[in-house]
file run-v4.pdb (PDB, C-alpha atoms)
ATOM      1  CA  GLU S   1     -18.756  -5.711   3.845  1.00  0.00           C
ATOM      2  CA  GLY S   2     -16.606  -8.148   1.884  1.00  0.00           C
ATOM      3  CA  ALA S   3     -13.009  -7.173   2.619  1.00  0.00           C
ATOM      4  CA  ASP S   4     -10.512  -9.961   1.967  1.00  0.00           C
ATOM      5  CA  ILE S   5      -7.695  -8.396   4.037  1.00  0.00           C
ATOM      6  CA  LEU S   6      -7.766  -5.872   6.899  1.00  0.00           C
ATOM      7  CA  ASP S   7      -4.906  -3.344   6.897  1.00  0.00           C
ATOM      8  CA  ILE S   8      -4.215  -1.879  10.335  1.00  0.00           C
ATOM      9  CA  GLY S   9      -1.847   0.989  11.063  1.00  0.00           C
ATOM     10  CA  GLY S  10      -1.187   3.302  14.001  1.00  0.00           C
ATOM     11  CA  GLU S  11       0.643   6.151  12.262  1.00  0.00           C
ATOM     12  CA  SER S  12      -0.755   8.203   9.414  1.00  0.00           C
ATOM     13  CA  THR S  13       1.358   8.175   6.260  1.00  0.00           C
ATOM     14  CA  ARG S  14      -0.378  11.098   4.558  1.00  0.00           C
ATOM     15  CA  PRO S  15       1.787  14.122   3.664  1.00  0.00           C
ATOM     16  CA  GLY S  16       2.394  16.379   6.642  1.00  0.00           C
ATOM     17  CA  HIS S  17       1.419  13.796   9.233  1.00  0.00           C
ATOM     18  CA  GLY S  18       2.820  13.941  12.737  1.00  0.00           C
ATOM     19  CA  ALA S  19       5.401  11.360  13.716  1.00  0.00           C
ATOM     20  CA  VAL S  20       4.420   8.697  16.242  1.00  0.00           C
ATOM     21  CA  GLY S  21       6.929   7.105  18.594  1.00  0.00           C
ATOM     22  CA  VAL S  22       7.476   3.350  18.762  1.00  0.00           C
ATOM     23  CA  ASP S  23       5.804   2.940  22.165  1.00  0.00           C
ATOM     24  CA  GLU S  24       2.749   4.939  21.125  1.00  0.00           C
ATOM     25  CA  GLU S  25       2.402   3.053  17.851  1.00  0.00           C
ATOM     26  CA  LEU S  26       2.725  -0.276  19.653  1.00  0.00           C
ATOM     27  CA  ALA S  27       0.023   0.785  22.101  1.00  0.00           C
ATOM     28  CA  ARG S  28      -2.275   1.750  19.239  1.00  0.00           C
ATOM     29  CA  VAL S  29      -1.675  -1.214  16.952  1.00  0.00           C
ATOM     30  CA  VAL S  30      -1.026  -4.371  18.937  1.00  0.00           C
ATOM     31  CA  PRO S  31      -4.275  -4.495  20.969  1.00  0.00           C
ATOM     32  CA  VAL S  32      -6.325  -3.830  17.827  1.00  0.00           C
ATOM     33  CA  ILE S  33      -4.623  -6.590  15.861  1.00  0.00           C
ATOM     34  CA  ALA S  34      -4.991  -9.008  18.765  1.00  0.00           C
ATOM     35  CA  ALA S  35      -8.704  -8.173  19.084  1.00  0.00           C
ATOM     36  CA  VAL S  36      -9.349  -8.482  15.356  1.00  0.00           C
ATOM     37  CA  ARG S  37      -7.458 -11.758  15.217  1.00  0.00           C
ATOM     38  CA  ALA S  38      -9.569 -13.128  18.076  1.00  0.00           C
ATOM     39  CA  ALA S  39     -12.819 -11.969  16.485  1.00  0.00           C
ATOM     40  CA  LEU S  40     -11.931 -12.940  12.914  1.00  0.00           C
ATOM     41  CA  PRO S  41      -9.493 -15.859  13.120  1.00  0.00           C
ATOM     42  CA  ASP S  42      -9.572 -16.603   9.386  1.00  0.00           C
ATOM     43  CA  THR S  43      -9.227 -13.035   8.032  1.00  0.00           C
ATOM     44  CA  PRO S  44      -5.722 -12.044   6.905  1.00  0.00           C
ATOM     45  CA  ILE S  45      -4.400  -8.963   8.713  1.00  0.00           C
ATOM     46  CA  SER S  46      -1.851  -6.554   7.285  1.00  0.00           C
ATOM     47  CA  VAL S  47       0.169  -4.229   9.520  1.00  0.00           C
ATOM     48  CA  ASP S  48       0.980  -0.860   7.962  1.00  0.00           C
ATOM     49  CA  THR S  49       4.152   0.397   9.612  1.00  0.00           C
ATOM     50  CA  THR S  50       7.711   1.529   8.943  1.00  0.00           C
ATOM     51  CA  LYS S  51       9.030   0.362  12.316  1.00  0.00           C
ATOM     52  CA  PRO S  52      10.513  -3.148  12.670  1.00  0.00           C
ATOM     53  CA  ALA S  53       9.620  -3.324  16.380  1.00  0.00           C
ATOM     54  CA  VAL S  54       5.980  -2.591  15.592  1.00  0.00           C
ATOM     55  CA  ALA S  55       5.895  -5.069  12.719  1.00  0.00           C
ATOM     56  CA  ASP S  56       7.470  -7.779  14.876  1.00  0.00           C
ATOM     57  CA  ALA S  57       5.004  -7.250  17.705  1.00  0.00           C
ATOM     58  CA  ALA S  58       2.131  -7.109  15.215  1.00  0.00           C
ATOM     59  CA  VAL S  59       3.085 -10.483  13.760  1.00  0.00           C
ATOM     60  CA  ASP S  60       3.228 -11.869  17.303  1.00  0.00           C
ATOM     61  CA  ALA S  61      -0.290 -10.476  17.853  1.00  0.00           C
ATOM     62  CA  GLY S  62      -1.621 -12.146  14.728  1.00  0.00           C
ATOM     63  CA  ALA S  63      -0.713 -10.057  11.684  1.00  0.00           C
ATOM     64  CA  ASP S  64      -0.067 -12.072   8.528  1.00  0.00           C
ATOM     65  CA  LEU S  65       1.461  -9.441   6.246  1.00  0.00           C
ATOM     66  CA  ILE S  66       3.792  -6.432   6.510  1.00  0.00           C
ATOM     67  CA  ASN S  67       2.942  -3.328   4.471  1.00  0.00           C
ATOM     68  CA  ASP S  68       6.056  -1.142   4.070  1.00  0.00           C
ATOM     69  CA  VAL S  69       5.442   2.320   2.580  1.00  0.00           C
ATOM     70  CA  TRP S  70       9.213   2.828   2.315  1.00  0.00           C
ATOM     71  CA  GLY S  71       9.938  -0.516   0.700  1.00  0.00           C
ATOM     72  CA  VAL S  72      12.224   1.076  -1.884  1.00  0.00           C
ATOM     73  CA  GLY S  73      14.188   3.036   0.742  1.00  0.00           C
ATOM     74  CA  THR S  74      17.678   2.303   1.998  1.00  0.00           C
ATOM     75  CA  ASP S  75      16.555   0.597   5.235  1.00  0.00           C
ATOM     76  CA  ASP S  76      16.048  -3.126   4.686  1.00  0.00           C
ATOM     77  CA  SER S  77      14.920  -3.881   8.255  1.00  0.00           C
ATOM     78  CA  LEU S  78      11.326  -4.742   7.360  1.00  0.00           C
ATOM     79  CA  ALA S  79      12.409  -6.984   4.498  1.00  0.00           C
ATOM     80  CA  ARG S  80      14.762  -8.806   6.867  1.00  0.00           C
ATOM     81  CA  LEU S  81      11.954  -9.154   9.393  1.00  0.00           C
ATOM     82  CA  ALA S  82       9.503 -10.464   6.789  1.00  0.00           C
ATOM     83  CA  ALA S  83      12.103 -13.038   5.763  1.00  0.00           C
ATOM     84  CA  ALA S  84      12.799 -14.065   9.350  1.00  0.00           C
ATOM     85  CA  ARG S  85       9.107 -14.351  10.244  1.00  0.00           C
ATOM     86  CA  GLY S  86       8.108 -15.974   6.952  1.00  0.00           C
ATOM     87  CA  VAL S  87       5.356 -13.460   6.154  1.00  0.00           C
ATOM     88  CA  PRO S  88       4.497 -11.670   2.894  1.00  0.00           C
ATOM     89  CA  LEU S  89       5.751  -8.137   2.291  1.00  0.00           C
ATOM     90  CA  VAL S  90       4.167  -5.237   0.434  1.00  0.00           C
ATOM     91  CA  ILE S  91       6.893  -3.099  -1.123  1.00  0.00           C
ATOM     92  CA  MET S  92       5.570   0.364  -1.898  1.00  0.00           C
ATOM     93  CA  HIS S  93       7.239   2.958  -4.089  1.00  0.00           C
ATOM     94  CA  ASN S  94       8.056   6.267  -2.418  1.00  0.00           C
ATOM     95  CA  ARG S  95      10.435   9.201  -2.760  1.00  0.00           C
ATOM     96  CA  THR S  96      11.292  12.217  -0.657  1.00  0.00           C
ATOM     97  CA  LYS S  97      11.036  14.474  -3.743  1.00  0.00           C
ATOM     98  CA  SER S  98       8.645  14.115  -6.679  1.00  0.00           C
ATOM     99  CA  VAL S  99      11.314  14.513  -9.384  1.00  0.00           C
ATOM    100  CA  TYR S 100      11.489  12.049 -12.273  1.00  0.00           C
ATOM    101  CA  ASP S 101      12.941  11.888 -15.776  1.00  0.00           C
ATOM    102  CA  ASP S 102      10.951   8.760 -16.673  1.00  0.00           C
ATOM    103  CA  LEU S 103       8.144   8.279 -14.173  1.00  0.00           C
ATOM    104  CA  MET S 104       6.971   4.737 -14.882  1.00  0.00           C
ATOM    105  CA  GLY S 105      10.422   3.529 -15.878  1.00  0.00           C
ATOM    106  CA  GLU S 106      11.900   4.738 -12.604  1.00  0.00           C
ATOM    107  CA  ILE S 107       9.032   3.370 -10.503  1.00  0.00           C
ATOM    108  CA  VAL S 108       9.429  -0.061 -12.101  1.00  0.00           C
ATOM    109  CA  ALA S 109      13.221   0.051 -11.731  1.00  0.00           C
ATOM    110  CA  ASP S 110      13.061   1.123  -8.078  1.00  0.00           C
ATOM    111  CA  LEU S 111      10.537  -1.604  -7.287  1.00  0.00           C
ATOM    112  CA  ALA S 112      12.513  -4.234  -9.204  1.00  0.00           C
ATOM    113  CA  ALA S 113      15.631  -3.413  -7.163  1.00  0.00           C
ATOM    114  CA  ALA S 114      13.653  -3.550  -3.917  1.00  0.00           C
ATOM    115  CA  VAL S 115      12.062  -6.879  -4.845  1.00  0.00           C
ATOM    116  CA  GLU S 116      15.485  -8.315  -5.708  1.00  0.00           C
ATOM    117  CA  ARG S 117      16.857  -7.106  -2.380  1.00  0.00           C
ATOM    118  CA  ALA S 118      13.948  -8.588  -0.410  1.00  0.00           C
ATOM    119  CA  VAL S 119      14.261 -11.942  -2.164  1.00  0.00           C
ATOM    120  CA  GLY S 120      18.010 -11.852  -1.595  1.00  0.00           C
ATOM    121  CA  LEU S 121      17.359 -11.395   2.116  1.00  0.00           C
ATOM    122  CA  GLY S 122      15.138 -14.475   2.185  1.00  0.00           C
ATOM    123  CA  VAL S 123      11.606 -13.276   1.427  1.00  0.00           C
ATOM    124  CA  ARG S 124       9.997 -15.859  -0.832  1.00  0.00           C
ATOM    125  CA  PRO S 125       9.321 -14.453  -4.319  1.00  0.00           C
ATOM    126  CA  SER S 126       5.706 -15.581  -4.002  1.00  0.00           C
ATOM    127  CA  ASP S 127       5.409 -13.499  -0.816  1.00  0.00           C
ATOM    128  CA  VAL S 128       6.253 -10.146  -2.448  1.00  0.00           C
ATOM    129  CA  ILE S 129       3.544  -7.658  -3.457  1.00  0.00           C
ATOM    130  CA  VAL S 130       4.349  -4.369  -5.193  1.00  0.00           C
ATOM    131  CA  ASP S 131       2.578  -1.019  -4.797  1.00  0.00           C
ATOM    132  CA  PRO S 132       3.268   1.969  -7.112  1.00  0.00           C
ATOM    133  CA  GLY S 133       2.774   4.391  -4.228  1.00  0.00           C
ATOM    134  CA  PHE S 134      -0.128   6.491  -5.514  1.00  0.00           C
ATOM    135  CA  GLY S 135       0.146   9.755  -3.582  1.00  0.00           C
ATOM    136  CA  PHE S 136       3.651   9.125  -2.237  1.00  0.00           C
ATOM    137  CA  GLY S 137       6.550  11.165  -3.616  1.00  0.00           C
ATOM    138  CA  LYS S 138       4.487  12.096  -6.672  1.00  0.00           C
ATOM    139  CA  THR S 139       2.557  15.089  -7.915  1.00  0.00           C
ATOM    140  CA  ALA S 140      -1.140  14.865  -8.751  1.00  0.00           C
ATOM    141  CA  GLU S 141      -0.196  14.611 -12.424  1.00  0.00           C
ATOM    142  CA  HIS S 142       2.236  11.797 -11.650  1.00  0.00           C
ATOM    143  CA  ASN S 143      -0.495   9.930  -9.772  1.00  0.00           C
ATOM    144  CA  LEU S 144      -2.836  10.088 -12.760  1.00  0.00           C
ATOM    145  CA  VAL S 145      -0.098   8.730 -15.017  1.00  0.00           C
ATOM    146  CA  VAL S 146       0.512   5.897 -12.545  1.00  0.00           C
ATOM    147  CA  LEU S 147      -3.184   5.037 -12.656  1.00  0.00           C
ATOM    148  CA  ARG S 148      -3.308   5.173 -16.447  1.00  0.00           C
ATOM    149  CA  ASP S 149      -0.085   3.209 -16.959  1.00  0.00           C
ATOM    150  CA  LEU S 150      -0.345   0.773 -14.049  1.00  0.00           C
ATOM    151  CA  ALA S 151       0.102  -2.141 -16.468  1.00  0.00           C
ATOM    152  CA  HIS S 152       3.828  -1.281 -16.647  1.00  0.00           C
ATOM    153  CA  LEU S 153       4.183  -2.910 -13.224  1.00  0.00           C
ATOM    154  CA  ARG S 154       3.129  -6.262 -14.654  1.00  0.00           C
ATOM    155  CA  ARG S 155       6.659  -6.765 -15.948  1.00  0.00           C
ATOM    156  CA  LEU S 156       7.738  -7.262 -12.305  1.00  0.00           C
ATOM    157  CA  GLY S 157       5.758 -10.496 -12.211  1.00  0.00           C
ATOM    158  CA  ARG S 158       4.383  -9.790  -8.747  1.00  0.00           C
ATOM    159  CA  PRO S 159       0.845  -9.050  -7.494  1.00  0.00           C
ATOM    160  CA  ILE S 160       0.040  -5.339  -7.633  1.00  0.00           C
ATOM    161  CA  LEU S 161      -1.604  -3.407  -4.810  1.00  0.00           C
ATOM    162  CA  LEU S 162      -3.204  -0.028  -5.523  1.00  0.00           C
ATOM    163  CA  GLY S 163      -4.106   2.413  -2.756  1.00  0.00           C
ATOM    164  CA  ALA S 164      -5.867   5.460  -4.207  1.00  0.00           C
ATOM    165  CA  SER S 165      -8.878   5.643  -1.880  1.00  0.00           C
ATOM    166  CA  ARG S 166      -9.956   9.207  -1.016  1.00  0.00           C
ATOM    167  CA  LYS S 167      -6.513  10.599  -1.815  1.00  0.00           C
ATOM    168  CA  SER S 168      -5.874  14.268  -2.485  1.00  0.00           C
ATOM    169  CA  THR S 169      -5.325  13.804  -6.221  1.00  0.00           C
ATOM    170  CA  LEU S 170      -8.960  12.714  -6.514  1.00  0.00           C
ATOM    171  CA  GLY S 171     -10.041  15.783  -4.612  1.00  0.00           C
ATOM    172  CA  ARG S 172      -7.921  18.002  -6.806  1.00  0.00           C
ATOM    173  CA  VAL S 173      -9.447  16.624  -9.998  1.00  0.00           C
ATOM    174  CA  LEU S 174     -13.032  16.937  -8.744  1.00  0.00           C
ATOM    175  CA  ASP S 175     -12.586  19.758  -6.185  1.00  0.00           C
ATOM    176  CA  LEU S 176     -14.040  17.611  -3.404  1.00  0.00           C
ATOM    177  CA  PRO S 177     -13.102  16.988   0.255  1.00  0.00           C
ATOM    178  CA  ALA S 178     -12.031  13.523   1.408  1.00  0.00           C
ATOM    179  CA  GLU S 179     -15.475  12.514   2.638  1.00  0.00           C
ATOM    180  CA  ASP S 180     -16.952  13.129  -0.838  1.00  0.00           C
ATOM    181  CA  ARG S 181     -14.494  11.046  -2.867  1.00  0.00           C
ATOM    182  CA  LEU S 182     -16.335   7.709  -2.925  1.00  0.00           C
ATOM    183  CA  GLU S 183     -17.285   7.820  -6.601  1.00  0.00           C
ATOM    184  CA  ALA S 184     -13.770   8.901  -7.569  1.00  0.00           C
ATOM    185  CA  THR S 185     -12.332   6.031  -5.539  1.00  0.00           C
ATOM    186  CA  ILE S 186     -14.658   3.559  -7.245  1.00  0.00           C
ATOM    187  CA  ALA S 187     -13.372   4.863 -10.587  1.00  0.00           C
ATOM    188  CA  THR S 188      -9.765   4.224  -9.511  1.00  0.00           C
ATOM    189  CA  THR S 189     -10.723   0.709  -8.419  1.00  0.00           C
ATOM    190  CA  ALA S 190     -12.138  -0.086 -11.848  1.00  0.00           C
ATOM    191  CA  ILE S 191      -9.307   1.585 -13.756  1.00  0.00           C
ATOM    192  CA  GLY S 192      -6.713  -0.044 -11.512  1.00  0.00           C
ATOM    193  CA  ILE S 193      -8.097  -3.551 -11.917  1.00  0.00           C
ATOM    194  CA  MET S 194      -8.246  -3.083 -15.683  1.00  0.00           C
ATOM    195  CA  GLY S 195      -4.590  -2.047 -15.512  1.00  0.00           C
ATOM    196  CA  GLY S 196      -3.561  -5.143 -13.576  1.00  0.00           C
ATOM    197  CA  ALA S 197      -4.176  -4.395  -9.889  1.00  0.00           C
ATOM    198  CA  ASP S 198      -4.725  -7.557  -7.853  1.00  0.00           C
ATOM    199  CA  VAL S 199      -5.522  -5.821  -4.557  1.00  0.00           C
ATOM    200  CA  VAL S 200      -7.141  -2.437  -3.881  1.00  0.00           C
ATOM    201  CA  ARG S 201      -6.765  -0.784  -0.486  1.00  0.00           C
ATOM    202  CA  VAL S 202      -9.911   1.232   0.261  1.00  0.00           C
ATOM    203  CA  HIS S 203     -11.913   2.809   3.075  1.00  0.00           C
ATOM    204  CA  ASP S 204     -15.429   2.263   1.691  1.00  0.00           C
ATOM    205  CA  VAL S 205     -15.415  -1.500   1.369  1.00  0.00           C
ATOM    206  CA  GLN S 206     -18.856  -2.543   0.187  1.00  0.00           C
ATOM    207  CA  ALA S 207     -19.097  -0.128  -2.751  1.00  0.00           C
ATOM    208  CA  ASN S 208     -15.593  -0.942  -3.938  1.00  0.00           C
ATOM    209  CA  VAL S 209     -16.138  -4.700  -3.575  1.00  0.00           C
ATOM    210  CA  ARG S 210     -19.121  -4.385  -5.892  1.00  0.00           C
ATOM    211  CA  ALA S 211     -17.127  -2.302  -8.366  1.00  0.00           C
ATOM    212  CA  ALA S 212     -14.237  -4.772  -8.214  1.00  0.00           C
ATOM    213  CA  ARG S 213     -16.484  -7.766  -8.828  1.00  0.00           C
ATOM    214  CA  LEU S 214     -18.082  -6.148 -11.852  1.00  0.00           C
ATOM    215  CA  THR S 215     -14.703  -5.049 -13.215  1.00  0.00           C
ATOM    216  CA  ASP S 216     -13.400  -8.600 -12.832  1.00  0.00           C
TER     217      ASP S 216
END
call {"tool": "encode", "arguments": {"input": "run-v4.pdb", "output": "structure tokens"}}
result
Amino acid sequence: EGADILDIGGESTRPGHGAVGVDEELARVVPVIAAVRAALPDTPISVDTTKPAVADAAVDAGADLINDVWGVGTDDSLARLAAARGVPLVIMHNRTKSVYDDLMGEIVADLAAAVERAVGLGVRPSDVIVDPGFGFGKTAEHNLVVLRDLAHLRRLGRPILLGASRKSTLGRVLDLPAEDRLEATIATTAIGIMGGADVVRVHDVQANVRAARLTD
């Protein structure tokens, strides 16, 4: 359907999700990545995980990119692994509590510190992608501000990834369940690209590819 990158994960990161052990996540993720790599040898694969052991095995199986939803956290294991394996790293913003005095200022500052740490550990600056963490450690109102003011992240000088597809904020605005949020997701794709997003992470690929091409 036109996807440029396939993002594969074995543990849900949505609020309230159940934890998955390392062995279970490995069993879910590694065979899928290996099969996709064999079927699509030229398609970049991203592994969405918080566990270094899973990320390491995923890279062995053919993953090209590590997507860390706790990239601004205190654990630098995935950044160290990305540096050691020479693969790009998505650093996503996240917090345990959605409390801010200056939402965009703090998101940019947290990401800037995480980028500096990753580069200091050996990740090439050109291999760092930043994600504002739409839906992570933020209220619905915060998420809408992030979408509106996404351009603030441009000051980081890194590619921006936006993942708003089907998320609960869209459902709250339109009072719709996840399976009915396609049009809302397309709107976030267009708004996000206009705000500076370089990559959009979506479920409904074809419709969003068309929206992205027109927005470009």
call {"tool": "atom_distance", "arguments": {"input": "run-v4.pdb", "atom1": "atom CA of S:Asp7", "atom2": "atom CA of S:Gly120"}}
result
25.9 Å
call {"tool": "closest_atom_pairs", "arguments": {"input": "run-v4.pdb", "of": "stretch 113-176 of chain S", "to": "stretch 81-90 of chain S", "cutoff": "6 Å", "atoms": "only C-alpha atoms", "output": "tab-separated table"}}
result
residue	atom	partner	partner_atom	distance
S:Gly122	CA	S:Ala83	CA	4.9
S:Val123	CA	S:Ala83	CA	4.4
S:Asp127	CA	S:Pro88	CA	4.2
S:Val128	CA	S:Leu89	CA	5.2
S:Ile129	CA	S:Val90	CA	4.6
S:Val130	CA	S:Val90	CA	5.7
call {"tool": "closest_residue", "arguments": {"input": "run-v4.pdb", "among": "S:Asp4, S:Asp68, S:Asp76, S:Asp149", "to": "S:Ile191", "atoms": "all atoms listed in the file"}}
result
S:Asp149
call {"tool": "atom_distance", "arguments": {"input": "run-v4.pdb", "atom1": "atom CA of S:His17", "atom2": "atom CA of S:Thr185"}}
result
21.6 Å
call {"tool": "residues_near_point", "arguments": {"input": "run-v4.pdb", "point": "(-16.3, 12.2, -3.7)", "cutoff": "12 Å", "atoms": "only C-alpha atoms", "output": "list in words"}}
result
Ser165, Arg166, Lys167, Ser168, Thr169, Leu170, Gly171, Arg172, Val173, Leu174, Asp175, Leu176, Pro177, Ala178, Glu179, Asp180, Arg181, Leu182, Glu183, Ala184, Thr185, Ile186, Ala187, Thr188 and Asp204 of chain S
call {"tool": "resolve_selection", "arguments": {"input": "run-v4.pdb", "expression": "the PyMOL selection byres ((chain S and resi 148) around 12)", "output": "VMD selection string"}}
result
chain S and resid 104 132 134 141 to 147 149 to 153 187 to 197
call {"tool": "closest_residue", "arguments": {"input": "run-v4.pdb", "among": "S:Ala212, S:Val200, S:Ala55, S:Ile91", "to": "S:Glu25", "atoms": "only C-alpha atoms"}}
result
S:Ala55
call {"tool": "resolve_selection", "arguments": {"input": "run-v4.pdb", "expression": "the PyMOL selection byres ((chain S and resi 72) around 7)", "output": "ChimeraX atom specification"}}
result
/S:70-71,73-74,91-94,110-111,114
call {"tool": "atom_distance", "arguments": {"input": "run-v4.pdb", "atom1": "atom CA of S:Ala35", "atom2": "atom CA of S:His203"}}
result
19.7 Å
call {"tool": "closest_residue", "arguments": {"input": "run-v4.pdb", "among": "S:Leu26, S:Val99, S:Ala34, S:Ala19", "to": "S:Ala53", "atoms": "all atoms listed in the file"}}
result
S:Leu26
call {"tool": "residues_around", "arguments": {"input": "run-v4.pdb", "residues": "S:Ser98", "least_positions_apart": "3", "cutoff": "10 Å", "atoms": "all atoms listed in the file", "output": "PyMOL selection string"}}
result
chain S and resi 94-95+103+136-139+142
call {"tool": "resolve_selection", "arguments": {"input": "run-v4.pdb", "expression": "the PyMOL selection byres ((chain S and resi 162) around 6)", "output": "list in words"}}
result
Asp131, Leu161, Gly163 and Val200 of chain S
call {"tool": "write_last_selection", "arguments": {"input": "run-v4.pdb", "atoms": "C-alpha atoms", "output": "PDB file, in the frame of the given file"}}
result
ATOM      1  CA  ASP S 131       2.578  -1.019  -4.797  1.00  0.00           C
ATOM      2  CA  LEU S 161      -1.604  -3.407  -4.810  1.00  0.00           C
ATOM      3  CA  GLY S 163      -4.106   2.413  -2.756  1.00  0.00           C
ATOM      4  CA  VAL S 200      -7.141  -2.437  -3.881  1.00  0.00           C
TER       5      VAL S 200
END
call {"tool": "residues_near_point", "arguments": {"input": "run-v4.pdb", "point": "(7.5, 1.4, 13.9)", "cutoff": "9 Å", "atoms": "all atoms listed in the file", "output": "PyMOL selection string"}}
result
chain S and resi 10-11+20-23+25-26+49-55
call {"tool": "closest_residue", "arguments": {"input": "run-v4.pdb", "among": "S:Leu214, S:Leu156, S:Ala57, S:Ile33", "to": "S:Ala109", "atoms": "only C-alpha atoms"}}
result
S:Leu156
